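Structure data (compact mmCIF, C-alpha atoms) from final-v7.txt:
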# COMPACT_ATOMS: atom_id res chain seq x y z
CA MET S 1 -16.05 -11.14 15.84
CA ALA S 2 -14.66 -9.77 19.10
CA LYS S 3 -11.81 -7.26 19.03
CA ASN S 4 -9.29 -8.27 21.66
CA GLU S 5 -5.86 -6.95 22.61
CA LEU S 6 -3.74 -4.46 20.70
CA ILE S 7 -0.89 -6.40 19.10
CA PHE S 8 0.64 -3.65 16.93
CA ASN S 9 0.53 0.13 17.30
CA GLY S 10 2.01 1.72 14.20
CA ASN S 11 2.28 5.32 13.10
CA GLU S 12 -0.89 5.21 11.02
CA LYS S 13 -2.60 1.93 11.91
CA GLN S 14 -3.32 -0.33 14.86
CA VAL S 15 -3.79 -4.10 14.71
CA PHE S 16 -5.93 -6.01 17.21
CA SER S 17 -6.23 -9.73 17.83
CA THR S 18 -9.63 -11.44 17.68
CA ASP S 19 -11.17 -14.62 19.07
CA ASP S 20 -10.01 -16.34 15.84
CA PRO S 21 -6.19 -16.77 15.74
CA THR S 22 -6.22 -16.48 11.93
CA ARG S 23 -8.03 -13.12 11.93
CA VAL S 24 -7.07 -9.60 13.04
CA ILE S 25 -8.70 -6.18 12.97
CA PHE S 26 -6.93 -3.21 11.38
CA ARG S 27 -7.88 0.24 12.65
CA TYR S 28 -6.79 3.27 10.62
CA LYS S 29 -5.64 6.39 12.49
CA ASP S 30 -5.93 10.05 11.57
CA VAL S 31 -2.14 10.35 11.78
CA THR S 32 0.10 10.93 8.76
CA THR S 33 3.87 10.44 8.78
CA ALA S 34 6.61 10.90 6.19
CA TYR S 35 10.35 10.46 5.89
CA HIS S 36 10.37 7.48 8.28
CA GLY S 37 8.41 9.33 10.95
CA VAL S 38 10.47 12.54 10.90
CA LYS S 39 7.43 14.50 9.69
CA ARG S 40 4.16 13.83 11.50
CA ALA S 41 0.71 15.41 11.71
CA ARG S 42 -2.92 14.60 12.48
CA PHE S 43 -5.74 15.19 10.00
CA ALA S 44 -9.35 14.64 11.05
CA GLY S 45 -11.08 12.06 8.86
CA LYS S 46 -7.93 10.81 7.18
CA GLY S 47 -8.11 7.32 8.74
CA ALA S 48 -11.65 6.76 7.50
CA LEU S 49 -10.61 7.68 3.97
CA THR S 50 -7.54 5.45 3.84
CA ASN S 51 -9.55 2.57 5.30
CA GLN S 52 -12.27 2.88 2.67
CA ILE S 53 -9.89 3.37 -0.27
CA SER S 54 -7.75 0.42 0.78
CA ALA S 55 -10.83 -1.76 1.21
CA LEU S 56 -11.93 -0.97 -2.34
CA LEU S 57 -8.50 -1.64 -3.88
CA LEU S 58 -7.71 -4.78 -1.87
CA GLY S 59 -11.22 -6.11 -2.41
CA TYR S 60 -10.83 -5.52 -6.15
CA LEU S 61 -7.61 -7.54 -6.18
CA ASN S 62 -9.29 -10.35 -4.22
CA GLU S 63 -12.13 -10.41 -6.74
CA ASN S 64 -9.62 -10.68 -9.58
CA GLY S 65 -7.73 -13.64 -8.14
CA VAL S 66 -4.94 -11.86 -6.26
CA GLU S 67 -4.95 -12.87 -2.60
CA THR S 68 -4.68 -10.13 0.01
CA HIS S 69 -5.14 -9.95 3.76
CA TYR S 70 -8.38 -7.97 3.43
CA ILE S 71 -11.61 -9.84 4.27
CA SER S 72 -14.31 -7.26 4.95
CA THR S 73 -15.03 -3.75 6.19
CA ILE S 74 -16.25 -3.50 9.78
CA ASP S 75 -16.92 0.25 9.91
CA GLU S 76 -15.47 3.44 8.44
CA ARG S 77 -12.17 2.96 10.29
CA GLU S 78 -11.78 -0.80 10.71
CA GLN S 79 -11.24 -3.87 8.53
CA LEU S 80 -11.28 -7.58 9.28
CA CYS S 81 -8.09 -9.08 7.87
CA ARG S 82 -6.20 -12.35 7.72
CA MET S 83 -3.41 -12.83 10.25
CA ILE S 84 -0.03 -13.09 8.56
CA GLU S 85 3.60 -13.80 9.32
CA ILE S 86 5.40 -10.70 8.06
CA ILE S 87 7.92 -11.01 5.24
CA PRO S 88 10.15 -7.94 5.78
CA LEU S 89 10.35 -7.05 2.10
CA GLU S 90 8.56 -4.49 -0.05
CA VAL S 91 8.19 -4.52 -3.81
CA VAL S 92 7.56 -1.10 -5.29
CA PHE S 93 5.82 -0.87 -8.68
CA HIS S 94 6.70 2.21 -10.79
CA ASN S 95 4.82 3.39 -13.86
CA ARG S 96 6.74 6.67 -13.55
CA ILE S 97 9.99 7.65 -11.87
CA ALA S 98 9.01 9.96 -9.05
CA GLY S 99 10.00 11.02 -5.56
CA SER S 100 13.18 9.57 -4.08
CA LEU S 101 13.74 7.34 -7.12
CA ALA S 102 13.87 10.39 -9.40
CA THR S 103 16.37 12.02 -7.04
CA LYS S 104 18.47 8.86 -6.90
CA LEU S 105 18.58 8.49 -10.69
CA GLY S 106 19.01 12.21 -11.39
CA VAL S 107 15.97 12.49 -13.65
CA GLU S 108 12.99 14.81 -13.76
CA ASP S 109 10.32 13.94 -11.19
CA GLY S 110 7.55 12.09 -13.00
CA MET S 111 9.66 10.81 -15.90
CA LYS S 112 7.74 8.18 -17.88
CA PRO S 113 10.03 5.23 -18.77
CA ALA S 114 9.35 2.81 -21.60
CA ASN S 115 9.23 -0.07 -19.14
CA THR S 116 7.68 -0.79 -15.74
CA ILE S 117 10.18 -0.71 -12.86
CA LEU S 118 10.07 -2.99 -9.83
CA ASP S 119 12.21 -2.21 -6.78
CA LEU S 120 12.89 -4.62 -3.92
CA CYS S 121 13.34 -3.02 -0.50
CA TYR S 122 14.28 -4.39 2.92
CA ASN S 123 11.40 -3.38 5.22
CA ASN S 124 13.52 -2.23 8.15
CA ASP S 125 12.79 1.16 9.73
CA GLU S 126 16.14 1.34 11.52
CA LEU S 127 17.96 1.05 8.19
CA GLY S 128 15.56 3.33 6.32
CA ASP S 129 13.98 0.58 4.17
CA PRO S 130 17.00 0.31 1.84
CA LEU S 131 16.99 -1.15 -1.64
CA ILE S 132 18.10 -4.78 -1.59
CA ASN S 133 18.76 -7.28 -4.37
CA ARG S 134 17.44 -10.80 -4.67
CA ASP S 135 20.69 -12.47 -3.61
CA GLN S 136 20.91 -10.31 -0.50
CA ALA S 137 17.29 -11.08 0.41
CA VAL S 138 17.98 -14.81 0.15
CA ALA S 139 21.26 -14.49 2.07
CA LEU S 140 19.36 -12.84 4.95
CA ASN S 141 16.76 -15.64 4.90
CA LEU S 142 14.00 -13.15 4.18
CA ALA S 143 12.63 -15.22 1.29
CA THR S 144 13.62 -17.92 -1.17
CA TYR S 145 14.20 -17.28 -4.87
CA GLN S 146 10.91 -19.05 -5.60
CA GLU S 147 9.07 -16.81 -3.13
CA LEU S 148 10.65 -13.71 -4.65
CA ASP S 149 9.54 -14.83 -8.12
CA LEU S 150 6.01 -15.23 -6.76
CA MET S 151 6.05 -11.78 -5.12
CA TYR S 152 7.25 -10.17 -8.34
CA ASP S 153 4.51 -11.95 -10.30
CA ILE S 154 1.88 -10.78 -7.79
CA VAL S 155 3.11 -7.19 -8.05
CA ARG S 156 3.16 -7.19 -11.85
CA ARG S 157 -0.38 -8.52 -11.99
CA SER S 158 -1.65 -6.26 -9.20
CA GLY S 159 0.05 -3.21 -10.68
CA LYS S 160 -1.64 -3.83 -14.03
CA LEU S 161 -5.05 -4.38 -12.44
CA LEU S 162 -4.82 -1.23 -10.33
CA THR S 163 -3.38 0.86 -13.17
CA ASP S 164 -6.32 -0.07 -15.39
CA LEU S 165 -8.91 0.43 -12.63
CA LEU S 166 -7.60 3.85 -11.63
CA HIS S 167 -7.35 4.90 -15.29
CA LYS S 168 -11.10 4.32 -15.58
CA ALA S 169 -11.48 6.73 -12.66
CA GLY S 170 -9.28 9.34 -14.35
CA ILE S 171 -6.37 8.71 -11.99
CA GLU S 172 -2.85 7.68 -12.99
CA LEU S 173 -1.13 5.14 -10.76
CA VAL S 174 2.41 6.54 -10.64
CA ASP S 175 3.78 3.97 -8.20
CA ALA S 176 2.62 1.59 -5.47
CA LYS S 177 4.27 -0.15 -2.53
CA PHE S 178 3.32 -3.78 -1.89
CA GLU S 179 4.07 -5.61 1.36
CA PHE S 180 3.73 -9.36 1.87
CA GLY S 181 3.13 -11.98 4.51
CA ARG S 182 2.46 -15.68 4.90
CA ALA S 183 -1.22 -16.20 5.69
CA ALA S 184 -1.86 -17.92 9.02
CA ASP S 185 -4.83 -19.84 7.62
CA THR S 186 -3.22 -21.30 4.49
CA GLY S 187 0.49 -20.41 4.51
CA ALA S 188 0.12 -18.68 1.14
CA ILE S 189 2.13 -15.55 0.38
CA ILE S 190 -0.37 -12.69 0.14
CA ILE S 191 -0.44 -8.90 -0.03
CA SER S 192 -0.52 -7.89 3.61
CA ASP S 193 -0.84 -4.13 4.01
CA GLU S 194 -2.94 -1.24 2.79
CA LEU S 195 -3.13 0.15 -0.72
CA SER S 196 -4.12 3.80 -0.56
CA PRO S 197 -2.80 7.29 -1.31
CA ASP S 198 -0.55 6.71 1.71
CA THR S 199 1.30 3.92 -0.10
CA CYS S 200 0.67 4.80 -3.76
CA ARG S 201 1.30 7.91 -5.81
CA MET S 202 -1.89 8.86 -7.63
CA TRP S 203 -2.10 11.79 -10.04
CA ASP S 204 -5.16 13.28 -11.68
CA GLU S 205 -4.85 12.31 -15.35
CA ALA S 206 -6.41 15.53 -16.64
CA THR S 207 -4.53 18.05 -14.49
CA GLY S 208 -1.49 16.20 -13.14
CA GLU S 209 -2.55 17.19 -9.62
CA ARG S 210 -1.12 14.95 -6.89
CA LEU S 211 -3.86 13.19 -4.94
CA ASP S 212 -1.64 11.28 -2.52
CA LYS S 213 0.67 11.65 0.49
CA ASP S 214 2.99 13.89 -1.52
CA ARG S 215 0.55 16.65 -0.61
CA PHE S 216 1.82 16.21 2.95
CA ARG S 217 5.44 15.45 2.09
CA LEU S 218 5.73 18.53 -0.14
CA ASP S 219 3.47 20.85 1.91
CA LEU S 220 0.94 21.19 -0.91
CA GLY S 221 -2.07 21.24 1.44
CA ASP S 222 -5.59 19.81 1.07
CA MET S 223 -4.45 16.22 1.62
CA VAL S 224 -7.73 15.02 3.12
CA ASP S 225 -9.73 16.66 0.31
CA SER S 226 -7.51 14.90 -2.26
CA TYR S 227 -8.04 11.54 -0.57
CA GLY S 228 -11.76 12.22 -0.68
CA ILE S 229 -11.54 12.84 -4.42
CA VAL S 230 -9.79 9.49 -4.90
CA LEU S 231 -12.47 7.71 -2.87
CA GLU S 232 -15.35 9.28 -4.78
CA LYS S 233 -13.79 8.62 -8.18
CA LEU S 234 -13.15 4.98 -7.23
CA LYS S 235 -16.67 4.51 -5.91
CA ASN S 236 -18.18 5.93 -9.07
CA VAL S 237 -16.20 3.74 -11.45
CA MET S 238 -16.63 0.57 -9.37
CA GLU S 239 -20.36 1.08 -8.95
CA ALA S 240 -20.65 1.46 -12.72
CA GLU S 241 -18.93 -1.88 -13.43
Here is a file; write its structure as structure tokens.
Amino acid sequence: MAKNELIFNGNEKQVFSTDDPTRVIFRYKDVTTAYHGVKRARFAGKGALTNQISALLLGYLNENGVETHYISTIDEREQLCRMIEIIPLEVVFHNRIAGSLATKLGVEDGMKPANTILDLCYNNDELGDPLINRDQAVALNLATYQELDLMYDIVRRSGKLLTDLLHKAGIELVDAKFEFGRAADTGAIIISDELSPDTCRMWDEATGERLDKDRFRLDLGDMVDSYGIVLEKLKNVMEAE
């Protein structure tokens, strides 16, 4: 499938049109950003790792009946994906309270609650992706109540699937950010962005070591090596299944 014009140039990914209006190509960059682009750096090989990890996780969800935009891997940096109409909402799945949520709630970073927490955010860079409630989302015509129910159901199911998969690899899924869109080919609401250590907190179950973008946010170092560990652990457990 031919890669045509660049239609989106984000901080960490590019999206290209193809000769099929229902298909796009995602290309992962070696750039890492944090705090809404305030912190930015380039790490050689990072884009290849996030591409491969996301392909494994999105492919796993597809195989287990959760629709995502991912279709296939083109090469180490590119994926063929379904074209979507963006729904500017994010649902964040929390197995632990970490990062900005821990700061907001005044609890120890990494606190383990008795329940699973879902947060709804308005995906708007200018506003800093603020928390939003269901009524506000409907009032802004971002989604209907029925669509929000569906998104929450998708996140609960996906969060459970990914939590169990990563546990087999010795990795704890602390939290994960899910974005959504309406698929151009069917109109269905599907997961429409990457799932990787860029968008999920992943901690080594044995040591508690952070294997995700917090290594960049918190200046812990060795971010690319940590992403490589996640990829190898995932490959090993998925090849064994």
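The smallest atom-to-atom distance between S:Asp164 and any of S:Ala102, S:Leu220, S:Leu57, S:Thr199, using only C-alpha atoms, is found for S:Leu57.
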Excluding stretch 12-28 of chain S and any residue of its chain fewer than 6 positions from it, enumerate the residues within 9 Å of it, using only C-alpha atoms, and give them as a VMD selection string. chain S and resid 1 to 6 46 to 51 74 76 to 84 183 to 185
Write out as a PyMOL selection string which residues come within 12 Å of stretch 143-158 of chain S when counting all atoms listed in the file, dropping same-chain ones fewer than 4 positions away. chain S and resi 57-68+86-95+115-122+133-139+162-166+173+175-182+188-192+195
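Atom CA of S:Arg42 to atom CA of S:Glu85 spans 29.3 Å [interatomic distance, one decimal].
Here atom CA of S:Gln52 and atom CA of S:Leu231 stand 7.4 Å from one another.
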Shell of 10 Å around S:His167, all atoms listed in the file, local chain residues under 5 positions omitted, as a list of chain:residue names: S:Leu161, S:Leu162, S:Glu172, S:Leu173, S:Asp204, S:Glu205, S:Leu234, S:Val237
One number please: atom CA of S:Ile229 to atom CA of S:Pro113, in Å, one decimal. 27.0 Å
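Using all atoms listed in the file, the smallest distance between any of S:His36, S:Lys112, S:Lys235, S:Lys104 and S:Glu126 comes from S:His36.
Residues of protein, DNA and RNA with at least one atom no farther than 8 Å from (-2.4, 4.9, -1.7) are, using only C-alpha atoms, Thr50, Ile53, Ser54, Ala176, Glu194, Leu195, Ser196, Pro197, Asp198, Thr199, Cys200, Arg201, Met202, Asp212 and Lys213 of chain S.
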